[in-house]
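Dumped input.cif below, it's mmCIF, C-alpha atoms:
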```
data_start
#
loop_
_atom_site.label_atom_id
_atom_site.label_comp_id
_atom_site.auth_asym_id
_atom_site.auth_seq_id
_atom_site.Cartn_x
_atom_site.Cartn_y
_atom_site.Cartn_z
CA MET M 1 65.11 -41.03 90.54
CA SER M 2 66.21 -42.08 94.00
CA PRO M 3 63.97 -44.51 95.92
CA ARG M 4 61.79 -42.84 98.50
CA ARG M 5 63.17 -43.22 102.00
CA SER M 6 60.84 -43.11 104.95
CA TYR M 7 61.04 -42.84 108.70
CA ASP M 8 58.09 -45.26 108.77
CA GLN M 9 56.45 -43.29 111.55
CA TYR M 10 52.74 -42.43 111.63
CA CYS M 11 53.40 -38.74 112.35
CA SER M 12 52.77 -35.76 110.08
CA ALA M 13 56.18 -34.24 110.89
CA ALA M 14 57.89 -37.50 109.97
CA ARG M 15 55.86 -37.74 106.76
CA ALA M 16 56.82 -34.16 105.87
CA LEU M 17 60.50 -34.95 106.43
CA ASP M 18 60.13 -38.02 104.22
CA THR M 19 59.40 -35.54 101.42
CA VAL M 20 61.48 -32.43 102.17
CA GLY M 21 64.07 -33.65 104.68
CA ASP M 22 66.78 -34.53 102.16
CA ARG M 23 69.75 -32.19 101.89
CA TRP M 24 69.18 -29.36 99.35
CA THR M 25 65.44 -29.88 98.88
CA LEU M 26 64.27 -26.87 100.91
CA LEU M 27 66.99 -24.68 99.40
CA ILE M 28 65.74 -25.63 95.94
CA VAL M 29 62.29 -24.56 97.10
CA ARG M 30 63.82 -21.25 98.25
CA GLU M 31 65.18 -20.68 94.75
CA LEU M 32 61.95 -21.69 93.01
CA LEU M 33 59.96 -19.22 95.11
CA ALA M 34 61.36 -16.71 92.61
CA GLY M 35 59.32 -18.37 89.86
CA PRO M 36 60.38 -20.67 87.00
CA ARG M 37 64.12 -21.35 86.91
CA ARG M 38 66.36 -23.16 84.46
CA TYR M 39 68.51 -26.00 85.73
CA THR M 40 71.69 -23.99 85.01
CA ASP M 41 70.37 -21.03 87.02
CA LEU M 42 69.50 -23.27 89.95
CA HIS M 43 72.95 -24.84 89.87
CA ALA M 44 74.61 -21.40 89.79
CA ASP M 45 72.62 -20.18 92.81
CA LEU M 46 73.13 -23.33 94.88
CA PRO M 47 76.92 -23.33 95.27
CA GLY M 48 78.15 -26.64 96.62
CA VAL M 49 75.50 -28.90 95.12
CA SER M 50 76.69 -31.45 92.57
CA THR M 51 74.93 -31.77 89.23
CA ASP M 52 73.93 -35.35 90.05
CA VAL M 53 72.41 -34.43 93.41
CA LEU M 54 70.55 -31.43 91.98
CA ALA M 55 69.10 -33.52 89.15
CA SER M 56 68.08 -36.24 91.61
CA ARG M 57 66.41 -33.79 94.00
CA LEU M 58 64.47 -32.14 91.17
CA LYS M 59 63.21 -35.53 89.98
CA ASP M 60 62.20 -36.38 93.54
CA MET M 61 60.35 -33.06 93.83
CA GLU M 62 58.49 -33.79 90.58
CA ARG M 63 57.55 -37.26 91.84
CA ASP M 64 56.33 -35.86 95.16
CA GLY M 65 54.24 -33.13 93.54
CA LEU M 66 56.35 -30.20 94.75
CA ALA M 67 57.66 -29.04 91.36
CA THR M 68 57.00 -29.45 87.66
CA ARG M 69 59.20 -29.23 84.58
CA ARG M 70 58.07 -27.60 81.34
CA ARG M 71 59.55 -26.25 78.13
CA LEU M 72 59.38 -22.52 77.47
CA PRO M 73 57.87 -21.50 74.12
CA PRO M 74 60.19 -20.29 71.33
CA PRO M 75 62.49 -18.47 71.09
CA GLY M 76 63.51 -19.61 74.59
CA ALA M 77 62.73 -23.31 74.17
CA ALA M 78 64.57 -24.11 77.43
CA PHE M 79 63.21 -26.32 80.18
CA VAL M 80 62.33 -24.66 83.48
CA TYR M 81 61.32 -25.94 86.88
CA GLU M 82 58.60 -24.30 88.95
CA LEU M 83 56.77 -24.99 92.16
CA THR M 84 53.33 -26.51 92.28
CA PRO M 85 50.75 -25.07 94.71
CA ARG M 86 51.86 -27.82 97.11
CA GLY M 87 55.46 -26.65 96.76
CA ARG M 88 54.52 -22.99 97.28
CA ASP M 89 52.80 -24.00 100.50
CA LEU M 90 56.31 -24.48 101.91
CA LEU M 91 56.87 -20.69 102.06
CA PRO M 92 55.69 -20.35 105.69
CA VAL M 93 57.78 -23.41 106.56
CA LEU M 94 60.89 -21.74 105.15
CA GLN M 95 59.98 -18.46 106.84
CA ALA M 96 59.59 -20.17 110.21
CA LEU M 97 62.84 -22.08 109.70
CA GLY M 98 64.65 -18.88 108.77
CA GLU M 99 63.31 -17.06 111.81
CA TRP M 100 64.35 -19.95 114.05
CA GLY M 101 67.78 -19.96 112.41
CA GLN M 102 68.49 -16.29 113.12
CA ALA M 103 70.40 -17.27 116.24
CA GLU M 104 72.57 -19.63 114.17
CA LEU M 105 73.51 -17.13 111.46
CA GLY M 106 76.28 -15.24 113.21
CA GLU M 107 78.86 -13.33 111.19
CA GLN M 108 79.56 -14.30 107.60
CA ARG M 109 82.42 -16.80 107.40
CA PRO M 110 85.17 -16.55 104.75
CA THR M 111 83.86 -19.74 103.16
CA ASP M 112 80.21 -18.59 103.05
CA ALA M 113 78.72 -17.96 99.63
CA VAL M 114 76.15 -15.17 99.40
CA ARG M 115 73.58 -14.11 96.85
CA ALA M 116 71.61 -10.88 97.13
CA HIS M 117 68.25 -12.63 96.77
CA TRP M 118 68.98 -14.86 99.78
CA PHE M 119 67.96 -11.83 101.85
CA ALA M 120 64.51 -11.82 100.19
CA LEU M 121 62.78 -14.05 102.73
CA PRO M 122 64.04 -12.18 105.84
CA LEU M 123 62.95 -8.88 104.28
CA LEU M 124 59.56 -10.31 103.35
CA ARG M 125 59.05 -11.20 107.00
CA ALA M 126 59.77 -7.58 107.89
CA LEU M 127 57.41 -6.02 105.34
CA GLU M 128 53.74 -5.34 106.01
CA GLY M 129 50.94 -4.86 103.52
CA GLU M 130 51.11 -5.56 99.80
CA GLY M 131 53.16 -4.23 96.93
CA ILE M 132 56.32 -4.60 94.88
CA VAL M 133 59.49 -3.53 96.65
CA GLU M 134 62.86 -3.19 94.91
CA VAL M 135 65.92 -3.79 97.08
CA ARG M 136 69.45 -2.61 96.27
CA LEU M 137 72.47 -4.15 98.01
CA GLU M 138 76.17 -4.16 97.20
CA GLU M 139 75.78 -7.80 96.09
CA GLY M 140 73.01 -7.00 93.63
CA VAL M 141 69.41 -6.00 93.11
CA PHE M 142 66.25 -8.02 93.66
CA HIS M 143 62.57 -7.31 94.12
CA LEU M 144 59.91 -8.60 96.49
CA TYR M 145 56.21 -9.22 96.06
CA ALA M 146 54.90 -8.42 99.53
CA GLY M 147 51.59 -10.10 100.21
CA ALA M 148 52.00 -12.23 97.07
CA GLY M 149 49.30 -14.75 96.28
CA ASP M 150 49.99 -17.69 93.98
CA GLY M 151 52.87 -16.18 92.01
CA PRO M 152 56.57 -15.66 92.75
CA VAL M 153 57.43 -14.02 96.05
CA TYR M 154 60.66 -12.44 94.81
CA GLY M 155 62.80 -12.08 91.70
CA ASP M 156 66.34 -11.19 90.66
CA GLY M 157 67.10 -7.80 89.20
CA PRO M 158 65.11 -4.56 89.19
CA ALA M 159 61.35 -4.70 89.64
CA PRO M 160 59.27 -4.97 86.48
CA GLY M 161 57.74 -1.57 85.95
CA GLU M 162 57.61 1.00 88.72
CA PRO M 163 57.86 -0.56 92.20
CA ASP M 164 55.76 0.65 95.10
CA ALA M 165 58.93 1.30 97.09
CA ARG M 166 62.68 1.13 96.69
CA LEU M 167 65.00 0.19 99.54
CA ALA M 168 68.74 0.84 99.50
CA LEU M 169 70.87 -0.58 102.29
CA ASP M 170 74.29 -2.00 102.88
CA SER M 171 75.10 -5.65 103.51
CA ALA M 172 75.82 -5.09 107.20
CA THR M 173 72.32 -3.72 107.75
CA CYS M 174 70.75 -6.52 105.73
CA ALA M 175 72.70 -9.11 107.72
CA ALA M 176 71.59 -7.47 110.98
CA LEU M 177 67.99 -7.74 109.81
CA ALA M 178 68.50 -11.39 108.86
CA ARG M 179 70.00 -12.11 112.31
CA GLY M 180 67.08 -10.40 114.05
CA GLU M 181 69.35 -7.77 115.62
CA THR M 182 67.21 -4.90 114.35
CA THR M 183 63.87 -4.38 112.69
CA LEU M 184 63.25 -2.80 109.31
CA ALA M 185 61.39 0.10 110.93
CA ALA M 186 64.27 0.73 113.35
CA ALA M 187 66.83 0.58 110.53
CA VAL M 188 64.80 3.10 108.51
CA ARG M 189 64.55 5.45 111.50
CA ALA M 190 68.30 5.15 112.09
CA GLY M 191 69.02 6.13 108.48
CA ARG M 192 70.48 2.72 107.66
CA VAL M 193 67.82 2.06 105.01
CA ASP M 194 66.93 4.63 102.37
CA VAL M 195 63.28 4.38 101.29
CA THR M 196 62.02 6.10 98.14
CA GLY M 197 58.59 6.10 96.53
CA ASP M 198 55.28 7.89 96.94
CA SER M 199 53.00 4.88 97.36
CA PRO M 200 51.33 3.96 100.66
CA PRO M 201 53.85 1.11 101.29
CA ALA M 202 56.80 3.52 100.91
CA LYS M 203 55.17 6.16 103.13
CA SER M 204 54.31 3.52 105.71
CA LEU M 205 57.95 2.40 105.86
CA ARG M 206 59.20 5.96 106.28
CA GLU M 207 56.65 6.74 108.99
CA ALA M 208 57.02 3.49 110.95
#
```
Could you render the structure as structure tokens?
Amino acid sequence: MSPRRSYDQYCSAARALDTVGDRWTLLIVRELLAGPRRYTDLHADLPGVSTDVLASRLKDMERDGLATRRRLPPPGAAFVYELTPRGRDLLPVLQALGEWGQAELGEQRPTDAVRAHWFALPLLRALEGEGIVEVRLEEGVFHLYAGAGDGPVYGDGPAPGEPDARLALDSATCAALARGETTLAAAVRAGRVDVTGDSPPAKSLREA
């Protein structure tokens, strides 16, 4: 476990950065917002992080009360990491940071990695109301828990059970949403997002 570094400033922003300001920490939080994750899954979805740094950050997050580690019951018996309530409280911080960073996103560079579920947080910002929404992109499928309480806010793969709405869109449209160049309602009206489902959330998206 790395020694805690501090700005030694009596300021809440400085204290927050003492805890989450290290490289990779907030991106680990982004991944754990999907619920419990194994170390190998985290490493696979954080391209560029070394095994030593990832292990160190996870230990720091346990020490600081942001995440916990537990063993799954048989037959899994693997260790997983998950956010504590304190860690989940970072969701609006990540959302605000992502919204601020829209102007920095630009076009995808040849060296940029991409995972389908990295578009989960921008789409959550665009959704209103509550419900489970399944999203299909060329890069893969993930699902969102709009208006989620204490549980995961998104997950990889198809939604468990029947979702309240299904969205199908291409990567260019999803990137435009992430950059703030269009809204979800405008993309639906322009035919760039296909919405299926009979629930109120699906009807609301189609009628927006």
Sorted by chain and rising residue number, list the residues of range 147-185 of chain M at most 9 Å from range 35-43 of chain M (counting all atoms listed in the file), each with its closest atom pair and distance in Å to one decimal, as CSV.
```
residue,atom,partner,partner_atom,distance
M:Gly151,CA,M:Gly35,CA,7.1
M:Pro152,CA,M:Gly35,CA,4.8
M:Val153,CA,M:Gly35,CA,7.8
M:Tyr154,CA,M:Gly35,CA,7.8
M:Gly155,CA,M:Gly35,CA,7.4
```
Generate the output file for the selected residues, C-alpha atoms, as a CSV table (one decimal), in the frame of the given file.
```
chain,number,residue,atom,x,y,z
M,151,GLY,CA,52.9,-16.2,92.0
M,152,PRO,CA,56.6,-15.7,92.8
M,153,VAL,CA,57.4,-14.0,96.0
M,154,TYR,CA,60.7,-12.4,94.8
M,155,GLY,CA,62.8,-12.1,91.7
```
Check: Applied to the shown file, which residues does the PyMOL selection byres ((chain M and resi 83) around 8) return, written as a ChimeraX atom specification?
Finding: /M:29,32-33,35-36,66-68,81-82,84-88
Check: Applied to the shown file, which residues does the PyMOL selection byres ((chain M and resi 203) around 12) return, written as a ChimeraX atom specification?
Finding: /M:128-129,164-166,185,188,194-202,204-208
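Across the structure, CA of Gly21 in chain M and CA of Arg4 in chain M are spaced 11.3 Å apart.
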Margin query: as a PyMOL selection string, please: the residues near Leu169 in chain M (cut-off 8 Å, all atoms listed in the file, same-chain neighbours under 2 positions excluded).
Written below: chain M and resi 135-137+167+171+173-174+192-194
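Coordinates place CA of Gly98 in chain M at a distance of 24.3 Å from CA of Pro158 in chain M.
Note on the selection: in this file the PyMOL selection byres ((chain M and resi 49-64) around 8) comes out as M:Met1, M:Ser2, M:Thr19, M:Trp24, M:Thr25, M:His43, M:Leu46, M:Pro47, M:Gly48, M:Gly65, M:Leu66, M:Ala67, M:Thr68, M:Arg69.
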Next item on the list: To one decimal in Å, tell me the separation between CA of Asp150 in chain M and CA of Arg115 in chain M.
Entry: 24.0 Å
Take the point (65.6, -7.6, 113.5) in the file's coordinates, draw a sphere of radius 12 Å around it, and report as a PDB file with C-alpha atoms, keeping the file's coordinate frame every protein, DNA or RNA residue with an atom inside or on it, counting all atoms listed in the file.
```pdb
ATOM      1  CA  GLU M  99      63.310 -17.060 111.810  1.00  0.00           C
ATOM      2  CA  GLN M 102      68.490 -16.290 113.120  1.00  0.00           C
ATOM      3  CA  ALA M 103      70.400 -17.270 116.240  1.00  0.00           C
ATOM      4  CA  PRO M 122      64.040 -12.180 105.840  1.00  0.00           C
ATOM      5  CA  LEU M 123      62.950  -8.880 104.280  1.00  0.00           C
ATOM      6  CA  ARG M 125      59.050 -11.200 107.000  1.00  0.00           C
ATOM      7  CA  ALA M 126      59.770  -7.580 107.890  1.00  0.00           C
ATOM      8  CA  LEU M 127      57.410  -6.020 105.340  1.00  0.00           C
ATOM      9  CA  THR M 173      72.320  -3.720 107.750  1.00  0.00           C
ATOM     10  CA  CYS M 174      70.750  -6.520 105.730  1.00  0.00           C
ATOM     11  CA  ALA M 175      72.700  -9.110 107.720  1.00  0.00           C
ATOM     12  CA  ALA M 176      71.590  -7.470 110.980  1.00  0.00           C
ATOM     13  CA  LEU M 177      67.990  -7.740 109.810  1.00  0.00           C
ATOM     14  CA  ALA M 178      68.500 -11.390 108.860  1.00  0.00           C
ATOM     15  CA  ARG M 179      70.000 -12.110 112.310  1.00  0.00           C
ATOM     16  CA  GLY M 180      67.080 -10.400 114.050  1.00  0.00           C
ATOM     17  CA  GLU M 181      69.350  -7.770 115.620  1.00  0.00           C
ATOM     18  CA  THR M 182      67.210  -4.900 114.350  1.00  0.00           C
ATOM     19  CA  THR M 183      63.870  -4.380 112.690  1.00  0.00           C
ATOM     20  CA  LEU M 184      63.250  -2.800 109.310  1.00  0.00           C
ATOM     21  CA  ALA M 185      61.390   0.100 110.930  1.00  0.00           C
ATOM     22  CA  ALA M 186      64.270   0.730 113.350  1.00  0.00           C
ATOM     23  CA  ALA M 187      66.830   0.580 110.530  1.00  0.00           C
ATOM     24  CA  VAL M 188      64.800   3.100 108.510  1.00  0.00           C
TER      25      VAL M 188
END
```
Within 9 Å of Asp8 in chain M, counting only C-alpha atoms, which residues show up once you throw out same-chain ones fewer than 4 positions away? Write them as a PDB file with C-alpha atoms, in the frame of the given file, please.
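Written out: selection.pdb:
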```
ATOM      1  CA  ALA M  14      57.890 -37.500 109.970  1.00  0.00           C
ATOM      2  CA  ARG M  15      55.860 -37.740 106.760  1.00  0.00           C
ATOM      3  CA  ASP M  18      60.130 -38.020 104.220  1.00  0.00           C
TER       4      ASP M  18
END
```
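Among the candidates M:Pro160, M:Val93, M:Asp45, M:Arg71, the one nearest to Val114 in chain M when counting all atoms listed in the file is M:Asp45.
Distances to Pro163 in chain M were evaluated for M:Leu97, M:Leu144, M:Leu26, M:Ala116 using all atoms listed in the file, and the minimum falls at M:Leu144.
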Notebook entry, point to check: Of the residues M:Val20, M:Phe119, M:Ala148, M:Leu91, which is the one nearest to Ile132 in chain M, using all atoms listed in the file?
Noted result: M:Ala148
